[in-house]
Amino acid sequence: ATLRALVYPFILRRTKAQVAPELPPRAERVIYADMDGAQRKLYEQTRARYQAELLNLIEKKGLNDARFKLLEGLLRLRQIAIHPGLVQPRYKGGAPKLELLLETLETLQSENHKVLVFSQFVTMLKLVKRELEARRLKHVYLDGRTPDRQARVDKFQNDPAYPFFLISLKAGGVGLNLTAADYVIHLDPWWNPAVESQAIDRAHRIGQSKHVFAYRLIARDTVEEKIAELQALREQLQATKQAWGQSEAPLTGTICGLIEG
């Protein structure tokens with residue numbers, strides 16, 4: 001960290017605009033979805049249960065021993081906010097975020113757009129895949145276990161009959177050239193906005209000739225909104241760091257402290 005602080009003022013970094021000035025604009029937008037009654041009830045019940053368990057665990061063993069339970073609770077709340085079926089496979093209630101996604105995809109298909117759909121949860125991608133198959137909407141699918149990655153990329157890139165590409169964030173966030181797409185949809189937020197930005201860059205890169213639109217779907221009044229707030233704060237801190245030429249070590253410590261708080 002000391003070495004990085006010393007050499008940082010002498011490192012020249014080129015932005016994407018400098019490397020590829022011919023790239024078309026890229027616009028990003030957050031779209032909010034309200035949970036329905038059954039989903040909201042499950043979310044609040046889960047939140048209350050983990051809150052009680054955490055308070056009891058902290059009282060008996062301290063904060064350090066409660067961290068894994070805290071992370072587990074955050075994961076379950078995030079899953080319920082996306083689709084309760086990720087936590088309860090037999091869930092039969094509504095999932096407004098999935099309904100919003102399907103409506104958006106059908107609209108974009110009617111306008112001859114191609115779309116990348118990212119989620120960090122493979123189970124959620126498979127739910128979307130099942131719904132698309134039920135509607136007889138052709139699509140390409142890729143996660144960490146998918147063979148013949150390049151064959152699937154080529155199908156999406158070259159075949160107009162396949163307008164949708166469902167991709168797990170970890171498997172497809174980097175290393176893919178998907179310039180056939182001009183829309184990117186993130187089904188769930190991640191703590192680090194740079195990871196989401198890299199996923200959007202699968203479409204917004206050299207070879208892209210169309211404007212690129214990125215949508216982030218957020219469930220209102222959930223932990224997803226808190227993640228979005230942390231993302232915004234992180235971006236502000238990154239901008240401040242670049243302006244002052246600071247190393248990343250103090251920034252990382254600050255963010256870790258905010259998350260733990």
# chains A, B, ... in the order shown; residues from 1 in each chain; ligands from 1
$ residues_around --residues "A:Ile80" --least-positions-apart "6" --cutoff "12 Å" --atoms "only C-alpha atoms" --output "PyMOL selection string"
chain A and resi 35-36+38-47+73-74+86-89+91+93-98+121+124+188+219+222-224
$ closest_atom_pairs --of "stretch 171-240 of chain A" --to "stretch 137-153 of chain A" --cutoff "8 Å" --atoms "only C-alpha atoms" --output "CSV"
residue,atom,partner,partner_atom,distance
A:Ala171,CA,A:Gly144,CA,5.0
A:Gly172,CA,A:Asp143,CA,7.3
A:Leu176,CA,A:Val153,CA,7.7
A:Asn177,CA,A:Val153,CA,7.8
A:Leu178,CA,A:Val153,CA,7.1
$ write_last_selection --atoms "N, CA, C and O atoms" --output "PDB file, in the first residue's frame"
ATOM      1  N   ALA A 171     -19.726 -15.971 -14.388  1.00  0.00           N
ATOM      2  CA  ALA A 171     -19.273 -16.697 -15.576  1.00  0.00           C
ATOM      3  C   ALA A 171     -19.119 -15.789 -16.788  1.00  0.00           C
ATOM      4  O   ALA A 171     -18.289 -16.052 -17.664  1.00  0.00           O
ATOM      5  N   GLY A 172     -19.911 -14.723 -16.870  1.00  0.00           N
ATOM      6  CA  GLY A 172     -19.894 -13.907 -18.081  1.00  0.00           C
ATOM      7  C   GLY A 172     -19.610 -12.447 -17.857  1.00  0.00           C
ATOM      8  O   GLY A 172     -19.765 -11.635 -18.776  1.00  0.00           O
ATOM      9  N   LEU A 176     -16.084 -11.720 -22.558  1.00  0.00           N
ATOM     10  CA  LEU A 176     -17.005 -12.021 -23.647  1.00  0.00           C
ATOM     11  C   LEU A 176     -17.230 -10.783 -24.508  1.00  0.00           C
ATOM     12  O   LEU A 176     -17.357  -9.673 -23.995  1.00  0.00           O
ATOM     13  N   ASN A 177     -17.292 -10.991 -25.803  1.00  0.00           N
ATOM     14  CA  ASN A 177     -17.603  -9.912 -26.741  1.00  0.00           C
ATOM     15  C   ASN A 177     -19.032 -10.125 -27.229  1.00  0.00           C
ATOM     16  O   ASN A 177     -19.312 -11.029 -28.006  1.00  0.00           O
ATOM     17  N   LEU A 178     -19.945  -9.263 -26.750  1.00  0.00           N
ATOM     18  CA  LEU A 178     -21.372  -9.432 -27.053  1.00  0.00           C
ATOM     19  C   LEU A 178     -21.942  -8.123 -27.586  1.00  0.00           C
ATOM     20  O   LEU A 178     -22.944  -7.606 -27.090  1.00  0.00           O
TER      21      LEU A 178
END
$ closest_residue --among "A:Pro189, A:Gly85, A:Gly37, A:Gly175" --to "A:Asp201" --atoms "only C-alpha atoms"
A:Gly175
$ select_by_dssp --residues "stretch 147-251 of chain A" --states "strand (DSSP E)" --output "PyMOL selection string"
chain A and resi 164-168+183-186+212-219
$ closest_residue --among "A:His211, A:His83, A:Lys114, A:Lys241" --to "A:Glu28" --atoms "only C-alpha atoms"
A:His211
$ closest_residue --among "A:Val184, A:Ala33, A:Ala239, A:Val195" --to "A:Val212" --atoms "only C-alpha atoms"
A:Val184
$ select_by_dssp --residues "stretch 28-188 of chain A" --states "helix (DSSP H, G or I)" --output "PyMOL selection string"
chain A and resi 37-61+64-82+84-86+96-110+122-134+149-158+169-172
$ write_last_selection --atoms "C-alpha atoms" --output "compact mmCIF listing (two decimals), in the first residue's frame"
# COMPACT_ATOMS: atom_id res chain seq x y z
CA GLY A 37 -48.09 -9.06 -0.36
CA ALA A 38 -46.84 -12.65 -0.05
CA GLN A 39 -43.30 -11.69 -0.95
CA ARG A 40 -43.30 -8.76 1.49
CA LYS A 41 -44.63 -11.00 4.29
CA LEU A 42 -41.90 -13.60 3.71
CA TYR A 43 -39.25 -10.87 3.56
CA GLU A 44 -40.33 -9.29 6.86
CA GLN A 45 -40.62 -12.67 8.60
CA THR A 46 -37.13 -13.62 7.45
CA ARG A 47 -35.69 -10.25 8.48
CA ALA A 48 -37.25 -10.48 11.94
CA ARG A 49 -36.02 -14.06 12.43
CA TYR A 50 -32.43 -13.27 11.52
CA GLN A 51 -32.50 -10.09 13.58
CA ALA A 52 -33.54 -12.04 16.67
CA GLU A 53 -30.96 -14.77 16.02
CA LEU A 54 -28.20 -12.20 15.51
CA LEU A 55 -29.01 -10.25 18.65
CA ASN A 56 -28.98 -13.49 20.66
CA LEU A 57 -25.71 -14.63 19.07
CA ILE A 58 -24.00 -11.28 19.61
CA GLU A 59 -25.08 -11.22 23.24
CA LYS A 60 -23.72 -14.73 23.89
CA LYS A 61 -20.60 -14.88 21.69
CA ASN A 64 -17.09 -11.68 15.49
CA ASP A 65 -18.91 -15.00 15.88
CA ALA A 66 -22.09 -13.48 14.42
CA ARG A 67 -20.59 -12.43 11.10
CA PHE A 68 -21.37 -15.64 9.24
CA LYS A 69 -24.97 -15.52 10.43
CA LEU A 70 -25.12 -11.87 9.33
CA LEU A 71 -23.90 -12.75 5.83
CA GLU A 72 -26.37 -15.64 5.67
CA GLY A 73 -29.23 -13.31 6.60
CA LEU A 74 -28.22 -10.74 3.99
CA LEU A 75 -28.05 -13.47 1.35
CA ARG A 76 -31.54 -14.79 2.18
CA LEU A 77 -33.04 -11.28 2.13
CA ARG A 78 -31.42 -10.56 -1.22
CA GLN A 79 -32.78 -13.79 -2.66
CA ILE A 80 -36.31 -13.10 -1.43
CA ALA A 81 -36.17 -9.57 -2.87
CA ILE A 82 -35.34 -11.03 -6.29
CA PRO A 84 -38.97 -15.94 -3.13
CA GLY A 85 -38.59 -19.15 -5.14
CA LEU A 86 -34.85 -18.92 -4.52
CA PRO A 96 -43.02 -8.48 -9.48
CA LYS A 97 -39.38 -8.21 -10.49
CA LEU A 98 -39.64 -11.29 -12.71
CA GLU A 99 -42.91 -10.01 -14.18
CA LEU A 100 -41.29 -6.63 -14.88
CA LEU A 101 -38.35 -8.35 -16.56
CA LEU A 102 -40.57 -10.47 -18.82
CA GLU A 103 -42.65 -7.44 -19.85
CA THR A 104 -39.48 -5.52 -20.64
CA LEU A 105 -38.01 -8.38 -22.67
CA GLU A 106 -41.15 -8.79 -24.75
CA THR A 107 -41.23 -5.06 -25.46
CA LEU A 108 -37.56 -5.00 -26.48
CA GLN A 109 -38.02 -8.05 -28.71
CA SER A 110 -40.89 -6.35 -30.51
CA VAL A 122 -27.98 -19.31 -11.27
CA THR A 123 -31.29 -20.45 -9.77
CA MET A 124 -32.84 -17.13 -10.77
CA LEU A 125 -31.52 -17.42 -14.31
CA LYS A 126 -33.09 -20.86 -14.56
CA LEU A 127 -36.43 -19.42 -13.40
CA VAL A 128 -36.19 -16.82 -16.17
CA LYS A 129 -35.19 -19.52 -18.64
CA ARG A 130 -38.26 -21.58 -17.71
CA GLU A 131 -40.55 -18.57 -18.21
CA LEU A 132 -39.01 -17.77 -21.60
CA GLU A 133 -39.43 -21.37 -22.71
CA ALA A 134 -43.09 -21.29 -21.61
CA ARG A 149 -19.14 -21.00 -24.35
CA GLN A 150 -17.93 -19.67 -27.68
CA ALA A 151 -20.62 -21.56 -29.61
CA ARG A 152 -23.29 -19.88 -27.49
CA VAL A 153 -21.68 -16.47 -27.93
CA ASP A 154 -21.59 -16.98 -31.70
CA LYS A 155 -25.25 -18.01 -31.76
CA PHE A 156 -26.29 -14.84 -29.92
CA GLN A 157 -23.99 -12.62 -31.96
CA ASN A 158 -24.94 -13.94 -35.38
CA LEU A 169 -22.45 -12.59 -13.40
CA LYS A 170 -19.38 -14.60 -12.41
CA ALA A 171 -19.27 -16.70 -15.58
CA GLY A 172 -19.89 -13.91 -18.08
$ residues_around --residues "stretch 231-236 of chain A" --least-positions-apart "4" --cutoff "9 Å" --atoms "only C-alpha atoms" --output "VMD selection string"
chain A and resid 189 to 194 226 to 227 240 to 241 251 255
$ write_last_selection --atoms "all heavy atoms" --output "compact mmCIF listing (two decimals), in the first residue's frame"
# COMPACT_ATOMS: atom_id res chain seq x y z
N PRO A 189 -28.41 -6.39 -7.60
CA PRO A 189 -27.21 -5.57 -7.43
C PRO A 189 -26.11 -6.34 -6.71
O PRO A 189 -26.38 -7.24 -5.93
CB PRO A 189 -27.70 -4.40 -6.57
CG PRO A 189 -28.80 -4.99 -5.75
CD PRO A 189 -29.47 -6.03 -6.63
N TRP A 190 -24.87 -5.97 -7.00
CA TRP A 190 -23.73 -6.53 -6.32
C TRP A 190 -23.04 -5.42 -5.54
O TRP A 190 -23.14 -4.26 -5.88
CB TRP A 190 -22.77 -7.18 -7.31
CG TRP A 190 -21.59 -7.86 -6.69
CD1 TRP A 190 -20.27 -7.62 -6.93
CD2 TRP A 190 -21.62 -8.91 -5.72
NE1 TRP A 190 -19.48 -8.44 -6.18
CE2 TRP A 190 -20.28 -9.24 -5.41
CE3 TRP A 190 -22.64 -9.59 -5.06
CZ2 TRP A 190 -19.96 -10.23 -4.48
CZ3 TRP A 190 -22.32 -10.56 -4.14
CH2 TRP A 190 -20.99 -10.88 -3.87
N TRP A 191 -22.31 -5.78 -4.46
CA TRP A 191 -21.71 -4.77 -3.60
C TRP A 191 -20.77 -3.85 -4.37
O TRP A 191 -20.72 -2.65 -4.12
CB TRP A 191 -20.93 -5.45 -2.46
CG TRP A 191 -21.76 -6.35 -1.62
CD1 TRP A 191 -21.76 -7.72 -1.63
CD2 TRP A 191 -22.72 -5.98 -0.62
NE1 TRP A 191 -22.65 -8.21 -0.72
CE2 TRP A 191 -23.26 -7.16 -0.07
CE3 TRP A 191 -23.17 -4.75 -0.13
CZ2 TRP A 191 -24.21 -7.15 0.93
CZ3 TRP A 191 -24.13 -4.75 0.87
CH2 TRP A 191 -24.63 -5.94 1.38
N ASN A 192 -20.01 -4.41 -5.28
CA ASN A 192 -19.02 -3.64 -6.02
C ASN A 192 -19.59 -3.22 -7.37
O ASN A 192 -19.78 -4.06 -8.24
CB ASN A 192 -17.74 -4.47 -6.22
CG ASN A 192 -16.63 -3.67 -6.86
OD1 ASN A 192 -16.82 -2.52 -7.28
ND2 ASN A 192 -15.45 -4.26 -6.91
N PRO A 193 -19.86 -1.94 -7.60
CA PRO A 193 -20.44 -1.52 -8.87
C PRO A 193 -19.52 -1.75 -10.06
O PRO A 193 -19.98 -1.84 -11.19
CB PRO A 193 -20.70 -0.02 -8.67
CG PRO A 193 -19.78 0.40 -7.56
CD PRO A 193 -19.66 -0.80 -6.68
N ALA A 194 -18.21 -1.89 -9.81
CA ALA A 194 -17.28 -2.14 -10.91
C ALA A 194 -17.56 -3.49 -11.57
O ALA A 194 -17.37 -3.65 -12.78
CB ALA A 194 -15.83 -2.09 -10.41
N LYS A 226 -30.29 -0.73 -0.06
CA LYS A 226 -29.11 -0.43 0.75
C LYS A 226 -27.83 -0.69 -0.04
O LYS A 226 -26.86 0.08 0.06
CB LYS A 226 -29.12 -1.27 2.03
CG LYS A 226 -30.33 -1.05 2.93
CD LYS A 226 -30.42 0.39 3.41
CE LYS A 226 -31.58 0.59 4.35
NZ LYS A 226 -31.70 1.99 4.81
N ILE A 227 -27.83 -1.77 -0.82
CA ILE A 227 -26.67 -2.06 -1.66
C ILE A 227 -26.46 -0.94 -2.68
O ILE A 227 -25.33 -0.50 -2.93
CB ILE A 227 -26.83 -3.42 -2.36
CG1 ILE A 227 -26.83 -4.56 -1.34
CG2 ILE A 227 -25.72 -3.64 -3.38
CD1 ILE A 227 -27.12 -5.92 -1.93
N THR A 240 -13.28 10.67 -5.28
CA THR A 240 -12.47 11.47 -4.37
C THR A 240 -11.03 10.96 -4.34
O THR A 240 -10.07 11.73 -4.35
CB THR A 240 -13.07 11.42 -2.95
OG1 THR A 240 -14.40 11.91 -3.00
CG2 THR A 240 -12.25 12.27 -1.99
N LYS A 241 -10.89 9.64 -4.33
CA LYS A 241 -9.56 9.04 -4.31
C LYS A 241 -8.77 9.43 -5.55
O LYS A 241 -7.59 9.79 -5.48
CB LYS A 241 -9.68 7.52 -4.23
CG LYS A 241 -8.34 6.80 -4.15
CD LYS A 241 -8.44 5.37 -4.60
CE LYS A 241 -8.61 5.30 -6.11
NZ LYS A 241 -8.51 3.92 -6.62
N LEU A 251 -9.43 3.42 1.22
CA LEU A 251 -10.78 3.31 0.67
C LEU A 251 -11.39 1.97 1.03
O LEU A 251 -12.53 1.88 1.48
CB LEU A 251 -10.74 3.47 -0.85
CG LEU A 251 -12.05 3.22 -1.59
CD1 LEU A 251 -13.07 4.28 -1.20
CD2 LEU A 251 -11.82 3.23 -3.09
N ILE A 255 -14.83 1.23 3.30
CA ILE A 255 -16.01 0.50 2.81
C ILE A 255 -16.29 -0.71 3.70
O ILE A 255 -17.42 -1.00 4.04
CB ILE A 255 -15.81 0.09 1.35
CG1 ILE A 255 -15.81 1.34 0.47
CG2 ILE A 255 -16.91 -0.86 0.90
CD1 ILE A 255 -15.51 1.08 -0.97
$ closest_residue --among "A:Leu230, A:Leu217, A:Gln198, A:Tyr162" --to "A:Asp34" --atoms "only C-alpha atoms"
A:Leu217
$ closest_atom_pairs --of "stretch 83-124 of chain A" --to "stretch 179-183 of chain A" --cutoff "7 Å" --atoms "only C-alpha atoms" --output "CSV"
residue,atom,partner,partner_atom,distance
A:His113,CA,A:Asp182,CA,6.6
A:Lys114,CA,A:Ala181,CA,4.5
A:Val115,CA,A:Tyr183,CA,4.7
A:Leu116,CA,A:Tyr183,CA,6.3
